[in-house]
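J.: So I've got this file, query.cif, and it contains mmCIF, C-alpha atoms and all ligand atoms:
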```
data_model
#
loop_
_atom_site.label_atom_id
_atom_site.label_comp_id
_atom_site.auth_asym_id
_atom_site.auth_seq_id
_atom_site.Cartn_x
_atom_site.Cartn_y
_atom_site.Cartn_z
CA PRO G 9 -54.21 -123.42 185.04
CA ALA G 10 -56.53 -124.07 182.10
CA THR G 11 -54.55 -126.07 179.55
CA LEU G 12 -55.00 -127.19 175.97
CA TRP G 13 -53.66 -130.74 175.79
CA ILE G 14 -52.54 -132.04 172.38
CA VAL G 15 -53.06 -135.78 172.76
CA ALA G 16 -51.78 -138.45 170.37
CA THR G 17 -54.02 -141.46 169.79
CA PRO G 18 -53.16 -144.80 168.10
CA ILE G 19 -52.57 -145.13 164.33
CA GLY G 20 -54.27 -148.52 164.21
CA ASN G 21 -53.45 -150.57 167.28
CA LEU G 22 -55.59 -149.55 170.25
CA GLU G 23 -52.89 -150.66 172.69
CA ASP G 24 -50.72 -147.78 171.49
CA ILE G 25 -52.30 -145.17 173.76
CA SER G 26 -50.37 -143.99 176.78
CA ALA G 27 -51.63 -144.24 180.35
CA ARG G 28 -51.13 -140.50 180.57
CA ALA G 29 -53.28 -139.89 177.48
CA VAL G 30 -56.13 -141.87 179.04
CA ARG G 31 -55.83 -139.96 182.32
CA ILE G 32 -55.82 -136.56 180.59
CA LEU G 33 -58.76 -137.47 178.33
CA LYS G 34 -60.74 -138.50 181.44
CA THR G 35 -60.04 -135.29 183.35
CA VAL G 36 -60.49 -132.50 180.78
CA ALA G 37 -63.85 -130.70 180.46
CA VAL G 38 -64.16 -131.40 176.75
CA ILE G 39 -62.41 -133.34 173.98
CA ALA G 40 -62.21 -131.69 170.56
CA ALA G 41 -62.06 -134.47 167.97
CA GLU G 42 -61.85 -134.45 164.19
CA ASP G 43 -64.72 -136.93 163.83
CA THR G 44 -66.61 -137.47 167.08
CA ARG G 45 -68.27 -140.69 165.92
CA HIS G 46 -64.91 -142.18 164.95
CA SER G 47 -63.29 -141.13 168.24
CA ALA G 48 -66.25 -142.34 170.31
CA ARG G 49 -65.16 -145.90 169.50
CA LEU G 50 -61.78 -145.21 171.09
CA THR G 51 -63.13 -143.40 174.15
CA GLN G 52 -65.80 -146.06 174.76
CA HIS G 53 -63.16 -148.77 174.53
CA LEU G 54 -61.10 -146.90 177.14
CA GLY G 55 -64.03 -146.11 179.46
CA ILE G 56 -63.75 -142.35 178.90
CA ASP G 57 -67.06 -140.43 179.09
CA THR G 58 -65.81 -136.85 178.64
CA PRO G 59 -68.06 -134.77 176.34
CA MET G 60 -66.76 -134.38 172.78
CA LEU G 61 -67.19 -131.79 170.09
CA SER G 62 -66.01 -131.80 166.50
CA LEU G 63 -63.07 -129.77 165.25
CA HIS G 64 -62.19 -130.28 161.60
CA GLU G 65 -60.72 -128.21 158.78
CA HIS G 66 -64.11 -126.66 157.94
CA ASN G 67 -65.03 -125.40 161.43
CA GLU G 68 -61.65 -124.90 163.08
CA GLN G 69 -61.93 -121.10 163.22
CA ALA G 70 -65.39 -121.09 164.84
CA ARG G 71 -64.45 -123.87 167.26
CA THR G 72 -61.31 -121.99 168.23
CA THR G 73 -63.42 -119.05 169.39
CA GLN G 74 -65.66 -121.37 171.45
CA LEU G 75 -62.77 -123.31 172.98
CA LEU G 76 -60.94 -120.08 173.87
CA GLU G 77 -64.02 -119.02 175.86
CA ARG G 78 -63.93 -122.29 177.78
CA LEU G 79 -60.21 -121.95 178.50
CA ASP G 80 -60.83 -118.35 179.63
CA ALA G 81 -63.45 -119.76 182.01
CA GLY G 82 -60.79 -122.04 183.52
CA GLU G 83 -61.72 -125.30 181.77
CA SER G 84 -59.10 -127.59 180.23
CA VAL G 85 -59.50 -128.96 176.72
CA ALA G 86 -57.94 -131.91 174.86
CA LEU G 87 -57.46 -132.09 171.10
CA ILE G 88 -57.29 -135.46 169.35
CA SER G 89 -57.25 -136.54 165.69
CA ASP G 90 -58.79 -139.58 164.02
CA ALA G 91 -55.37 -141.18 164.33
CA GLY G 92 -51.89 -140.32 165.54
CA THR G 93 -50.61 -136.90 166.47
CA PRO G 94 -52.83 -133.84 165.93
CA LEU G 95 -51.47 -131.13 163.58
CA ILE G 96 -49.39 -133.67 161.63
CA SER G 97 -51.34 -133.61 158.33
CA ASP G 98 -54.33 -132.98 160.59
CA PRO G 99 -56.21 -129.94 161.98
CA GLY G 100 -55.15 -128.05 165.08
CA PHE G 101 -52.65 -125.39 163.99
CA VAL G 102 -55.22 -122.56 164.03
CA LEU G 103 -56.36 -123.59 167.51
CA VAL G 104 -52.87 -124.00 168.99
CA ARG G 105 -51.67 -120.67 167.62
CA ALA G 106 -54.74 -118.83 168.98
CA VAL G 107 -54.57 -120.51 172.40
CA ARG G 108 -50.88 -119.65 172.76
CA GLN G 109 -51.52 -116.08 171.66
CA ALA G 110 -54.26 -115.81 174.31
CA GLY G 111 -51.66 -116.76 176.91
CA HIS G 112 -52.98 -120.20 177.86
CA GLU G 113 -50.82 -123.28 178.37
CA VAL G 114 -50.51 -125.76 175.50
CA GLN G 115 -49.02 -129.10 176.50
CA THR G 116 -48.23 -132.29 174.62
CA VAL G 117 -49.17 -135.87 175.39
CA PRO G 118 -47.02 -137.49 172.70
CA GLY G 119 -47.57 -140.88 171.14
CA ALA G 120 -48.03 -142.55 167.77
CA CYS G 121 -47.20 -140.72 164.56
CA ALA G 122 -47.15 -142.63 161.26
CA ALA G 123 -44.24 -140.58 159.84
CA ILE G 124 -41.99 -141.27 162.84
CA ALA G 125 -43.05 -144.93 163.01
CA ALA G 126 -42.18 -145.34 159.32
CA ILE G 127 -38.79 -143.63 159.48
CA SER G 128 -37.91 -145.87 162.43
CA VAL G 129 -38.47 -149.09 160.45
CA ALA G 130 -37.71 -148.04 156.84
CA GLY G 131 -34.00 -148.86 156.90
CA LEU G 132 -33.13 -145.56 155.17
CA PRO G 133 -31.00 -142.77 156.70
CA SER G 134 -32.89 -141.40 159.70
CA ASP G 135 -30.43 -138.77 160.94
CA ARG G 136 -31.91 -136.03 158.76
CA PHE G 137 -35.30 -136.21 157.07
CA VAL G 138 -37.94 -133.94 155.58
CA PHE G 139 -41.65 -134.43 156.23
CA GLU G 140 -43.63 -133.65 153.07
CA GLY G 141 -47.03 -134.99 154.16
CA PHE G 142 -49.52 -135.49 151.32
CA LEU G 143 -48.51 -134.61 147.78
CA PRO G 144 -50.95 -132.45 145.77
CA ALA G 145 -53.81 -134.52 144.32
CA ARG G 146 -53.56 -132.98 140.83
CA THR G 147 -51.03 -134.66 138.54
CA THR G 148 -49.25 -131.50 137.33
CA ALA G 149 -48.88 -130.06 140.82
CA ARG G 150 -47.75 -133.44 142.22
CA ARG G 151 -45.06 -133.87 139.55
CA ALA G 152 -43.88 -130.29 140.03
CA ARG G 153 -43.50 -130.85 143.78
CA LEU G 154 -41.53 -134.07 143.19
CA ALA G 155 -39.30 -132.37 140.61
CA ALA G 156 -38.51 -129.64 143.14
CA LEU G 157 -37.42 -132.33 145.63
CA ALA G 158 -35.18 -134.33 143.27
CA GLU G 159 -31.89 -132.85 144.60
CA GLU G 160 -32.82 -133.06 148.30
CA THR G 161 -30.16 -135.10 150.10
CA ARG G 162 -32.18 -135.77 153.26
CA SER G 163 -34.63 -138.69 153.41
CA LEU G 164 -38.15 -137.66 152.35
CA VAL G 165 -41.31 -138.76 154.14
CA PHE G 166 -44.72 -138.74 152.42
CA TYR G 167 -48.25 -139.76 153.39
CA GLU G 168 -50.40 -141.50 150.78
CA SER G 169 -53.77 -143.21 150.55
CA SER G 170 -54.64 -146.39 148.68
CA HIS G 171 -56.32 -144.42 145.84
CA ARG G 172 -53.14 -142.91 144.51
CA ILE G 173 -50.32 -145.11 145.82
CA ASP G 174 -49.41 -146.61 142.43
CA LYS G 175 -49.50 -143.26 140.59
CA THR G 176 -47.42 -141.61 143.28
CA VAL G 177 -44.73 -144.30 143.25
CA ALA G 178 -44.64 -144.15 139.43
CA ASP G 179 -44.24 -140.35 139.53
CA MET G 180 -41.51 -140.65 142.17
CA THR G 181 -39.64 -143.11 139.99
CA GLN G 182 -39.91 -140.65 137.11
CA ALA G 183 -38.69 -137.73 139.21
CA PHE G 184 -35.97 -139.47 141.25
CA GLY G 185 -34.81 -142.23 138.89
CA ALA G 186 -35.51 -145.98 138.71
CA GLU G 187 -32.82 -146.90 141.24
CA ARG G 188 -33.65 -144.46 144.06
CA GLN G 189 -34.60 -146.53 147.15
CA ILE G 190 -38.17 -146.12 148.37
CA ALA G 191 -39.52 -147.69 151.54
CA LEU G 192 -43.24 -148.39 151.47
CA CYS G 193 -44.73 -148.85 154.95
CA ARG G 194 -48.37 -149.90 154.99
CA GLU G 195 -50.87 -150.56 157.77
CA LEU G 196 -48.33 -149.79 160.51
CA THR G 197 -49.27 -151.33 163.87
CA LYS G 198 -52.23 -153.14 162.24
CA LEU G 199 -52.86 -156.78 161.34
CA HIS G 200 -51.46 -156.46 157.80
CA GLU G 201 -48.46 -154.28 158.62
CA GLN G 202 -45.86 -154.53 155.89
CA SER G 203 -42.69 -152.57 155.13
CA VAL G 204 -40.59 -153.10 152.02
CA CYS G 205 -37.69 -151.11 150.60
CA MET G 206 -36.46 -151.26 147.00
CA GLY G 207 -35.65 -149.18 143.95
CA GLY G 208 -38.55 -147.15 142.49
CA ALA G 209 -38.92 -149.20 139.29
CA GLU G 210 -38.93 -152.42 141.30
CA LEU G 211 -41.54 -150.97 143.68
CA VAL G 212 -43.83 -150.04 140.77
CA ALA G 213 -43.70 -153.70 139.69
CA TRP G 214 -44.19 -154.94 143.28
CA LEU G 215 -47.36 -152.85 143.65
CA ALA G 216 -48.76 -154.33 140.43
CA THR G 217 -48.20 -157.96 141.48
CA ASP G 218 -50.83 -158.12 144.23
CA ASP G 219 -53.98 -156.04 144.91
CA ASN G 220 -53.26 -156.33 148.65
CA HIS G 221 -50.03 -154.39 148.18
CA ARG G 222 -52.13 -151.32 147.31
CA ARG G 223 -54.58 -151.65 150.24
CA GLY G 224 -54.60 -149.64 153.44
CA GLU G 225 -52.71 -146.56 154.62
CA PHE G 226 -49.19 -145.76 153.49
CA VAL G 227 -46.09 -143.87 154.44
CA LEU G 228 -43.41 -143.61 151.75
CA VAL G 229 -39.84 -142.89 152.80
CA VAL G 230 -37.54 -141.97 149.92
CA ALA G 231 -33.75 -142.01 150.20
CA GLY G 232 -32.21 -138.58 149.64
CA ALA G 233 -30.25 -137.77 146.48
CA ALA G 234 -26.84 -139.37 146.97
CA ALA G 235 -24.16 -136.86 147.99
CA VAL G 236 -21.80 -138.80 145.73
CA GLU G 237 -23.95 -138.14 142.66
CA ARG G 238 -23.96 -134.45 143.46
CA ALA G 239 -20.20 -134.45 143.91
CA THR G 240 -19.61 -136.07 140.50
CA SER G 241 -21.99 -133.71 138.77
CA GLU G 242 -20.17 -130.79 140.40
CA ILE G 243 -16.79 -132.21 139.25
CA GLY G 244 -18.28 -132.60 135.79
CA LEU G 245 -19.33 -128.98 135.81
CA ASP G 246 -15.83 -127.96 136.88
CA ALA G 247 -14.20 -129.85 134.01
CA LEU G 248 -16.68 -128.35 131.57
CA LEU G 249 -15.89 -124.87 132.84
CA ARG G 250 -12.12 -125.42 132.44
CA GLU G 251 -12.70 -126.68 128.89
CA LEU G 252 -14.81 -123.64 128.00
CA LEU G 253 -12.22 -121.30 129.47
CA GLN G 254 -9.50 -122.97 127.35
CA ILE G 255 -11.58 -122.56 124.19
CA THR G 256 -11.96 -118.85 124.81
CA GLY G 257 -8.24 -118.64 125.68
CA THR G 258 -8.77 -117.34 129.23
CA LYS G 259 -6.33 -118.57 131.90
N1 LIG G 301 -51.86 -137.29 162.33
C1 LIG G 301 -51.53 -138.59 161.75
C2 LIG G 301 -50.16 -139.03 162.24
O1 LIG G 301 -49.72 -138.58 163.30
O2 LIG G 301 -49.52 -139.86 161.58
C3 LIG G 301 -51.65 -138.56 160.24
C4 LIG G 301 -53.00 -138.18 159.74
S1 LIG G 301 -53.15 -138.18 157.99
C5 LIG G 301 -54.74 -137.49 157.76
C6 LIG G 301 -53.47 -139.86 157.59
C7 LIG G 301 -52.31 -140.49 156.79
O3 LIG G 301 -51.31 -140.91 157.71
C8 LIG G 301 -52.68 -141.73 156.02
O4 LIG G 301 -53.21 -141.41 154.73
C9 LIG G 301 -51.36 -142.43 155.90
O5 LIG G 301 -50.57 -141.84 154.89
C10 LIG G 301 -50.73 -142.12 157.25
N2 LIG G 301 -51.06 -143.18 158.23
C11 LIG G 301 -51.88 -143.08 159.29
N3 LIG G 301 -51.93 -144.26 159.94
C12 LIG G 301 -51.11 -145.11 159.28
C13 LIG G 301 -50.73 -146.47 159.44
N4 LIG G 301 -51.23 -147.21 160.44
N5 LIG G 301 -49.86 -147.01 158.56
C14 LIG G 301 -49.36 -146.28 157.55
N6 LIG G 301 -49.69 -145.01 157.35
C15 LIG G 301 -50.55 -144.41 158.19
#
```
What would the structure in this file look like if it were written as structure tokens?
T.:
Amino acid sequence: PATLWIVATPIGNLEDISARAVRILKTVAVIAAEDTRHSARLTQHLGIDTPMLSLHEHNEQARTTQLLERLDAGESVALISDAGTPLISDPGFVLVRAVRQAGHEVQTVPGACAAIAAISVAGLPSDRFVFEGFLPARTTARRARLAALAEETRSLVFYESSHRIDKTVADMTQAFGAERQIALCRELTKLHEQSVCMGGAELVAWLATDDNHRRGEFVLVVAGAAAVERATSEIGLDALLRELLQITGTK
């Protein structure tokens, strides 16, 4: 049957594409790509000559209508992003939802994803984590989002670009405290891959010591609020309550 294939592509290292991804990309009628010029470099390298069309956040609705027509006509379609797994801080949700609603198959060809790669090397608890993607660009909104996450006990995963990395780490340190452990993973799978993990205040200083530390693409993994801290603050609240009750003479 006509299928929409959601195909992961590498996040930097071209060797990180699966044999299955290459086969599917060769056999579908059309590849929908975020930026066709960018993805042409990958397909050329892999000897794939399937026609491509663009699908990005500004034309996703219109493209969805066109791609549905092709699926209705029995053609299979692949969706790829500039890097990594489509729909993960990337377009595709509108398309996938519509294609499923129309009753067509949607199947995954999994592979690289920067968030998962980072959590697997960060050295912070990986049993439960929350993917937050990109923080808001505006300072007030960004700080408000971080403040709302301060009590979260699961590890937190963020995407960030080189433009804002230092501001974001400074804001995190403000919101979560100087000691909270933050893993900074940059340029994963690429030549200058680097992952470090330290307290927020220390990481602010580390970023300032070398321009190279602020270059490239970043995933930040932040340790969750310690359960122990929460427990003590709850005990503190309990003691306070007892004291207040004694003052008012209630038993
Ligand atoms: N869909 C992609 C995925 O599966 O990871 C993410 C796309 S999002 C538009 C791009 C962001 O992902 C970058 O700004 C960066 O935060 C992160 N990223 C992508 N490649 C990376 C890499 N090689 N190393 C570190 N972070 C990366």
J.: Return as a list of chain:residue names the residues of protein, DNA or RNA that approach ligand LIG 301 (chain G) to within 6 Å, with only C-alpha atoms and all ligand atoms taken into account.
T.: G:Ile19, G:Gly20, G:Ala91, G:Gly92, G:Thr93, G:Pro94, G:Ile96, G:Ser97, G:Asp98, G:Cys121, G:Ala122, G:Ala123, G:Tyr167, G:Glu168, G:Ser169, G:Cys193, G:Arg194, G:Glu195, G:Leu196, G:Thr197, G:Glu225, G:Phe226, G:Val227
J.: To one decimal place in Å, what is the distance between atom CA of G:Val104 and atom CA of G:Ala70?
T.: 13.5 Å
J.: Smallest atom-to-atom distance to G:Phe139: which of G:Ala120, G:Gly185, G:Val229, G:Leu33, using only C-alpha atoms?
T.: G:Val229
J.: Expressed in Å to a single decimal, how great is the separation between atom CA of G:Leu154 and atom CA of G:Thr176?
T.: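 Here the two named atoms are 9.6 Å from each other.
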J.: Env of G:His66: 12 Å cut, atoms = only C-alpha atoms, seq-sep filter 3 positions within chain, self excluded. Answer as a list in words.
T.: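 Result of the neighbour search: Glu42, Asp43, Ser62, Leu63, Gln69, Ala70, Arg71, Thr72, Asp98, Pro99, Gly100 and Val102 of chain G.
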J.: Please write the residues from the selection above to a file, keeping C-alpha atoms, as an mmCIF file, keeping the file's coordinate frame.
T.:
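Output saved as part.cif:
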```cif
data_model
loop_
_atom_site.group_PDB
_atom_site.id
_atom_site.type_symbol
_atom_site.label_atom_id
_atom_site.label_comp_id
_atom_site.auth_asym_id
_atom_site.auth_seq_id
_atom_site.Cartn_x
_atom_site.Cartn_y
_atom_site.Cartn_z
ATOM 1 C CA GLU G 42 -61.850 -134.450 164.190
ATOM 2 C CA ASP G 43 -64.720 -136.930 163.830
ATOM 3 C CA SER G 62 -66.010 -131.800 166.500
ATOM 4 C CA LEU G 63 -63.070 -129.770 165.250
ATOM 5 C CA GLN G 69 -61.930 -121.100 163.220
ATOM 6 C CA ALA G 70 -65.390 -121.090 164.840
ATOM 7 C CA ARG G 71 -64.450 -123.870 167.260
ATOM 8 C CA THR G 72 -61.310 -121.990 168.230
ATOM 9 C CA ASP G 98 -54.330 -132.980 160.590
ATOM 10 C CA PRO G 99 -56.210 -129.940 161.980
ATOM 11 C CA GLY G 100 -55.150 -128.050 165.080
ATOM 12 C CA VAL G 102 -55.220 -122.560 164.030
#
```
J.: Do you have the atom CA of G:Ala152-atom CA of G:Ser170 distance handy?
T.: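 The value is 21.2 Å.
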